[in-house]
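> My structure is below; once you've seen it, I'll send some questions.
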Amino acid sequence: MNVEFLIHRTSRPLDDGERQKILADPGFGRHFTDHMASAVWTPEAGWHELKVAALEPLHLHPAAAVLHYAQEIFEGLKAFRHDDGSIWLFRPELNARRFARSARRLALPVLDEKHFVDSVKALVSADCAWVPSGDGEKSLYVRPFMFGSEAFLGVRPAARVFYGVIATPAASYFSSGVAGVTLWVSENYTRAAKGGTGAAKCGGNYAASLAAQVEATENGCDQVLYLSGDEQRVLEESGTMNLFLVTADRELVTPGLGTILEGVIRDSVLHLAAEHNLKPVERQLRLDQLRAGCDDGSITEIFAVGTAAVVTPVLHFKGDGYEHTVGDGRPGTTTLAIREHILGLQYGKVPDTRQWLHRVV
Ligand SMILES: *Cc1c(COP(=O)(O)O)cnc(C)c1O
């Protein structure tokens, strides 16, 4: 496949004043840009109809495979505006590779790395006026997604697939200083098992996580901390973010890959560890070890990472009948330093020695 995402500009973009009003206070996922990128796949034609055009509702047959059997995957990455006005993506090739892995797991056709990155770049350049200035840690959040759109009832991979990319301007997750979260250790629900879809970024995982999130909210917590479903009860992740903990002897520990989602920020934090005088370690940690470590002070900080919130301090966690405070209950210095480091790279304030940034405009 060697076709481009050609841009057909909408004749009715939102007017400048309205857009500026949105960009001043974008929230997250509430407003969408003027365009979307899309492509269609069939077994006969492969990927075709590549384009960037006006954002508009999709027409779907009520029997479309995705509506019944959830054959769907997605990605999430951000475009950052630097002080000189230029616009950059952060390690988009990792999103492209993960999207291909997710596609294989959900028996969807693979979109190659180049076309994935091209589609994101084409949409961001078409909607570059929608990328907020970087002050206040604003960005444009980009959402590629793919689903079975063939109209049929029956369990098999769809023979017609839709790929789309939409974008939404995003405010800083923490509008008034870095806040921390309290995690709910779910006893009733797990998010993944060996051989399941835990490592794929698919909508079905999120559908299955909603009941656990409701339980967390009912218990006064912000997010869920998932444990493995086996007897080991080891830490997995927090459902939308990967977990890290800092030990008193300067280890930076994160659960190994397998059933968790392989996050771009997770990988980046592991690479930066040495610069923060930390030894990166991928290892399993049982719930009882986590609880004991927080009580005896051998675990000093916990944080969660992901594209949306970058680095979120975990200040407390609780489960059925227990509650623990991490460190002194305030965001830790290592957590905040790593957060500043990642943001500094993304917004061009720290030299990009690893070529992690890709320029769009
Ligand atoms: C997307 C996601 C993450 C974070 O991945 P990033 O690439 O760092 O944004 C973590 N866990 C789950 C379940 C996710 O879907």
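Every chain in the structure tokens has a letter given in the order shown (A, B, ...), and although residue numbers restart at 1 in each chain, ligands are simply numbered from 1 in the order shown.
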Show me a table, sorted first by chain and then by increasing residue number, of the residues of chain A having an atom at most 7 Å from ligand 1, each with its shortest atom pair and the distance in Å to one decimal, counting only C-alpha atoms and all ligand atoms and written as JSON lines.


```
{"residue": "A:Glu75", "atom": "CA", "partner": "ligand 1", "partner_atom_place_in_ligand_line": "1 (C)", "distance": 6.9}
{"residue": "A:Gly76", "atom": "CA", "partner": "ligand 1", "partner_atom_place_in_ligand_line": "9 (O)", "distance": 6.2}
{"residue": "A:Leu77", "atom": "CA", "partner": "ligand 1", "partner_atom_place_in_ligand_line": "9 (O)", "distance": 6.8}
{"residue": "A:Asn95", "atom": "CA", "partner": "ligand 1", "partner_atom_place_in_ligand_line": "7 (O)", "distance": 6.8}
{"residue": "A:Lys201", "atom": "CA", "partner": "ligand 1", "partner_atom_place_in_ligand_line": "15 (O)", "distance": 5.2}
{"residue": "A:Glu237", "atom": "CA", "partner": "ligand 1", "partner_atom_place_in_ligand_line": "11 (N)", "distance": 6.6}
{"residue": "A:Ser238", "atom": "CA", "partner": "ligand 1", "partner_atom_place_in_ligand_line": "11 (N)", "distance": 6.7}
{"residue": "A:Gly239", "atom": "CA", "partner": "ligand 1", "partner_atom_place_in_ligand_line": "13 (C)", "distance": 4.4}
{"residue": "A:Thr240", "atom": "CA", "partner": "ligand 1", "partner_atom_place_in_ligand_line": "12 (C)", "distance": 3.9}
{"residue": "A:Met241", "atom": "CA", "partner": "ligand 1", "partner_atom_place_in_ligand_line": "10 (C)", "distance": 3.7}
{"residue": "A:Asn242", "atom": "CA", "partner": "ligand 1", "partner_atom_place_in_ligand_line": "10 (C)", "distance": 4.9}
{"residue": "A:Ile260", "atom": "CA", "partner": "ligand 1", "partner_atom_place_in_ligand_line": "13 (C)", "distance": 6.8}
{"residue": "A:Leu261", "atom": "CA", "partner": "ligand 1", "partner_atom_place_in_ligand_line": "11 (N)", "distance": 4.8}
{"residue": "A:Glu262", "atom": "CA", "partner": "ligand 1", "partner_atom_place_in_ligand_line": "5 (O)", "distance": 6.4}
{"residue": "A:Gly263", "atom": "CA", "partner": "ligand 1", "partner_atom_place_in_ligand_line": "5 (O)", "distance": 3.4}
{"residue": "A:Val264", "atom": "CA", "partner": "ligand 1", "partner_atom_place_in_ligand_line": "7 (O)", "distance": 3.7}
{"residue": "A:Ile265", "atom": "CA", "partner": "ligand 1", "partner_atom_place_in_ligand_line": "8 (O)", "distance": 3.8}
{"residue": "A:Arg266", "atom": "CA", "partner": "ligand 1", "partner_atom_place_in_ligand_line": "8 (O)", "distance": 5.6}
{"residue": "A:Val305", "atom": "CA", "partner": "ligand 1", "partner_atom_place_in_ligand_line": "8 (O)", "distance": 6.1}
{"residue": "A:Gly306", "atom": "CA", "partner": "ligand 1", "partner_atom_place_in_ligand_line": "8 (O)", "distance": 3.6}
{"residue": "A:Thr307", "atom": "CA", "partner": "ligand 1", "partner_atom_place_in_ligand_line": "9 (O)", "distance": 3.6}
{"residue": "A:Ala308", "atom": "CA", "partner": "ligand 1", "partner_atom_place_in_ligand_line": "9 (O)", "distance": 6.4}
```

> Quick one: residues within 7 Å of Ala151 of chain A, only C-alpha atoms, excluding same-chain residues fewer than 4 positions away - as number ranges by chain?

A: 61, 63-65

> Can those selected residues be exported to a file as a PDB file, in the first residue's frame so that it contains N, CA, C and O atoms?


```
ATOM      1  N   HIS A  61     -24.665   0.202   9.644  1.00  0.00           N
ATOM      2  CA  HIS A  61     -25.798  -0.717   9.643  1.00  0.00           C
ATOM      3  C   HIS A  61     -25.982  -1.233  11.077  1.00  0.00           C
ATOM      4  O   HIS A  61     -24.994  -1.484  11.773  1.00  0.00           O
ATOM      5  N   ALA A  63     -26.452  -4.000  12.102  1.00  0.00           N
ATOM      6  CA  ALA A  63     -25.795  -5.303  12.292  1.00  0.00           C
ATOM      7  C   ALA A  63     -24.271  -5.192  12.238  1.00  0.00           C
ATOM      8  O   ALA A  63     -23.586  -6.214  12.247  1.00  0.00           O
ATOM      9  N   ALA A  64     -23.735  -3.993  12.184  1.00  0.00           N
ATOM     10  CA  ALA A  64     -22.271  -3.833  12.099  1.00  0.00           C
ATOM     11  C   ALA A  64     -21.602  -4.646  13.211  1.00  0.00           C
ATOM     12  O   ALA A  64     -22.007  -4.595  14.379  1.00  0.00           O
ATOM     13  N   ALA A  65     -20.577  -5.382  12.845  1.00  0.00           N
ATOM     14  CA  ALA A  65     -19.937  -6.344  13.758  1.00  0.00           C
ATOM     15  C   ALA A  65     -19.555  -5.718  15.097  1.00  0.00           C
ATOM     16  O   ALA A  65     -19.756  -6.317  16.160  1.00  0.00           O
TER      17      ALA A  65
END
```

> Contacts of Arg330 of chain A at 9 Å or less, counting only C-alpha atoms, minus same-chain residues fewer than 5 places along, as a ChimeraX atom specification?

/A:179-180,313-315

> Restrict the selected residues to all heavy atoms and save them as a short mmCIF file (atom, residue, chain, number, x, y, z; two decimals), in the first residue's frame.


```cif
data_model
loop_
_atom_site.label_atom_id
_atom_site.label_comp_id
_atom_site.auth_asym_id
_atom_site.auth_seq_id
_atom_site.Cartn_x
_atom_site.Cartn_y
_atom_site.Cartn_z
N ALA A 179 -2.24 17.09 41.65
CA ALA A 179 -2.98 16.41 42.71
C ALA A 179 -2.62 14.93 42.67
O ALA A 179 -2.05 14.45 41.70
CB ALA A 179 -4.47 16.60 42.49
N GLY A 180 -2.92 14.22 43.70
CA GLY A 180 -2.68 12.78 43.71
C GLY A 180 -4.01 12.05 43.74
O GLY A 180 -5.07 12.66 43.88
N PRO A 313 0.63 11.09 40.89
CA PRO A 313 1.03 10.52 42.17
C PRO A 313 -0.11 9.69 42.78
O PRO A 313 -1.28 10.10 42.73
CB PRO A 313 1.29 11.75 43.05
CG PRO A 313 1.39 12.91 42.10
CD PRO A 313 0.55 12.56 40.92
N VAL A 314 0.22 8.52 43.31
CA VAL A 314 -0.75 7.71 44.05
C VAL A 314 -0.46 7.94 45.53
O VAL A 314 0.62 7.59 46.01
CB VAL A 314 -0.64 6.22 43.70
CG1 VAL A 314 -1.58 5.37 44.56
CG2 VAL A 314 -0.92 6.00 42.22
N LEU A 315 -1.38 8.57 46.23
CA LEU A 315 -1.13 8.98 47.61
C LEU A 315 -1.71 8.01 48.63
O LEU A 315 -1.23 7.92 49.75
CB LEU A 315 -1.70 10.38 47.84
CG LEU A 315 -1.17 11.45 46.87
CD1 LEU A 315 -1.76 12.81 47.20
CD2 LEU A 315 0.36 11.51 46.88
#
```

> Can you write out as CSV which residues of segment 28-71 of chain A fall within 10 Å of segment 130-149 of chain A, alongside each residue's closest atom pair and its distance in Å to one decimal, counting only C-alpha atoms and ordering rows by chain and ascending residue number?


```
residue,atom,partner,partner_atom,distance
A:Phe28,CA,A:Tyr141,CA,8.4
A:Gly29,CA,A:Tyr141,CA,8.2
A:Phe32,CA,A:Trp130,CA,9.0
A:Thr33,CA,A:Trp130,CA,6.5
A:Asp34,CA,A:Trp130,CA,8.6
A:Met36,CA,A:Pro144,CA,9.6
A:Ala37,CA,A:Pro144,CA,8.6
A:Ser38,CA,A:Pro144,CA,9.1
A:Ala39,CA,A:Met146,CA,9.3
A:Val40,CA,A:Ser149,CA,9.3
A:Trp41,CA,A:Gly148,CA,9.4
A:His59,CA,A:Ser149,CA,9.8
A:Leu60,CA,A:Ser149,CA,7.1
A:His61,CA,A:Ser149,CA,7.9
A:Pro62,CA,A:Ser149,CA,9.7
A:Ala63,CA,A:Ser149,CA,8.5
A:Ala64,CA,A:Ser149,CA,4.8
A:Ala65,CA,A:Gly148,CA,5.2
A:Val66,CA,A:Gly148,CA,5.2
A:Leu67,CA,A:Ser149,CA,8.6
A:His68,CA,A:Gly148,CA,9.9
A:Tyr69,CA,A:Gly148,CA,8.9
A:Ala70,CA,A:Phe147,CA,7.9
A:Gln71,CA,A:Gly148,CA,5.6
```

> Please compute the atom CA of Ala79 of chain A-atom CA of Ala274 of chain A distance, one decimal, in Å.

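Distance between the two atoms: 26.6 Å.
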
> Under the rule that only C-alpha atoms are counted, which of A:Ile7, A:Leu153, A:Ala337, A:Val161 is the nearest residue to His35 of chain A?

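Using only C-alpha atoms, the shortest distance to His35 of chain A belongs to A:Ile7.
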
> What is the atom CA of Arg286 of chain A-atom CA of Arg339 of chain A distance in Å, reported with one decimal?

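Computing the Euclidean distance for atom CA of Arg286 of chain A and atom CA of Arg339 of chain A yields 25.7 Å.
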
> Would you mind writing down, as a list of chain:residue names, each residue of segment 60-157 of chain A that DSSP on the backbone assigns to strand (DSSP E)?

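Put together, the selection reads A:Glu72, A:Ile73, A:Phe74, A:Leu77, A:Lys78, A:Ala79, A:Phe80, A:Arg81, A:Ile87, A:Trp88, A:Leu89, A:Phe90, A:Ser139, A:Leu140, A:Tyr141, A:Val142, A:Arg143, A:Pro144, A:Phe145, A:Met146, A:Phe147, A:Gly148.
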
> Just to be explicit: take each residue in the selection above, keep C-alpha atoms, and write the result as an mmCIF file, in the first residue's frame.


```cif
data_model
loop_
_atom_site.group_PDB
_atom_site.id
_atom_site.type_symbol
_atom_site.label_atom_id
_atom_site.label_comp_id
_atom_site.auth_asym_id
_atom_site.auth_seq_id
_atom_site.Cartn_x
_atom_site.Cartn_y
_atom_site.Cartn_z
ATOM 1 C CA GLU A 72 -12.594 -2.710 18.103
ATOM 2 C CA ILE A 73 -9.179 -1.256 19.051
ATOM 3 C CA PHE A 74 -7.904 2.251 19.644
ATOM 4 C CA LEU A 77 -1.381 10.102 21.694
ATOM 5 C CA LYS A 78 -0.875 13.828 21.920
ATOM 6 C CA ALA A 79 0.385 16.659 19.708
ATOM 7 C CA PHE A 80 2.331 19.359 21.573
ATOM 8 C CA ARG A 81 2.893 22.974 20.552
ATOM 9 C CA ILE A 87 3.917 21.040 16.614
ATOM 10 C CA TRP A 88 5.356 17.677 17.634
ATOM 11 C CA LEU A 89 4.334 14.082 18.371
ATOM 12 C CA PHE A 90 5.961 12.014 21.135
ATOM 13 C CA SER A 139 -2.241 19.608 23.996
ATOM 14 C CA LEU A 140 -4.264 18.079 21.191
ATOM 15 C CA TYR A 141 -5.247 14.512 22.099
ATOM 16 C CA VAL A 142 -5.418 12.262 19.025
ATOM 17 C CA ARG A 143 -7.559 9.122 18.970
ATOM 18 C CA PRO A 144 -6.970 6.554 16.190
ATOM 19 C CA PHE A 145 -9.456 3.673 16.216
ATOM 20 C CA MET A 146 -10.453 0.686 14.097
ATOM 21 C CA PHE A 147 -13.508 -1.539 14.111
ATOM 22 C CA GLY A 148 -15.397 -4.227 12.204
#
```

> Excluding Glu113 of chain A and any residue of its chain fewer than 5 positions from it, enumerate the residues within 8 Å of it, using only C-alpha atoms, and give them as a VMD selection string.

chain A and resid 93 96 to 97 100

> Write out as a compact mmCIF listing (two decimals) with C-alpha atoms, in the first residue's frame all residues of segment 65-234 of chain A that backbone DSSP assigns to alpha helix (DSSP H).


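selection_36.txt was written with the following content:
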```txt
# COMPACT_ATOMS: atom_id res chain seq x y z
CA ALA A 65 -19.94 -6.34 13.76
CA VAL A 66 -18.56 -3.89 16.28
CA LEU A 67 -21.99 -3.27 17.80
CA HIS A 68 -22.48 -6.94 18.64
CA TYR A 69 -19.06 -8.53 19.05
CA PRO A 92 4.19 7.92 17.67
CA GLU A 93 5.91 4.85 16.22
CA LEU A 94 5.32 3.08 19.54
CA ASN A 95 1.59 3.77 19.23
CA ALA A 96 1.74 2.48 15.65
CA ARG A 97 3.40 -0.78 16.69
CA ARG A 98 1.02 -1.29 19.60
CA PHE A 99 -1.95 -0.61 17.28
CA ALA A 100 -0.66 -3.36 14.98
CA ARG A 101 -0.32 -5.76 17.93
CA SER A 102 -3.82 -4.89 19.13
CA ALA A 103 -5.14 -5.46 15.59
CA ARG A 104 -3.61 -8.94 15.45
CA ARG A 105 -5.13 -9.86 18.82
CA GLU A 113 3.44 1.81 10.94
CA LYS A 114 4.01 4.38 8.22
CA HIS A 115 0.34 4.79 7.36
CA PHE A 116 -0.62 5.00 11.03
CA VAL A 117 1.87 7.82 11.66
CA ASP A 118 0.96 9.49 8.33
CA SER A 119 -2.74 9.50 9.22
CA VAL A 120 -2.01 11.16 12.57
CA LYS A 121 0.31 13.73 10.99
CA ALA A 122 -2.19 14.49 8.23
CA LEU A 123 -5.02 15.10 10.70
CA VAL A 124 -2.87 17.19 13.05
CA SER A 125 -1.59 19.34 10.18
CA ALA A 126 -5.11 19.82 8.80
CA GLY A 203 -12.75 -1.09 23.80
CA GLY A 204 -13.93 -4.37 25.32
CA ASN A 205 -11.35 -4.08 28.11
CA TYR A 206 -12.79 -0.71 29.01
CA ALA A 207 -16.40 -1.92 28.89
CA ALA A 208 -15.42 -4.64 31.37
CA SER A 209 -13.69 -2.11 33.63
CA LEU A 210 -16.69 0.15 34.18
CA ALA A 211 -18.25 -1.90 36.99
CA ALA A 212 -14.92 -1.87 38.84
CA GLN A 213 -14.65 1.89 38.33
CA VAL A 214 -18.15 2.32 39.77
CA GLU A 215 -17.09 0.23 42.78
CA ALA A 216 -13.99 2.43 43.22
CA THR A 217 -16.10 5.58 43.14
CA GLU A 218 -18.58 4.12 45.65
```
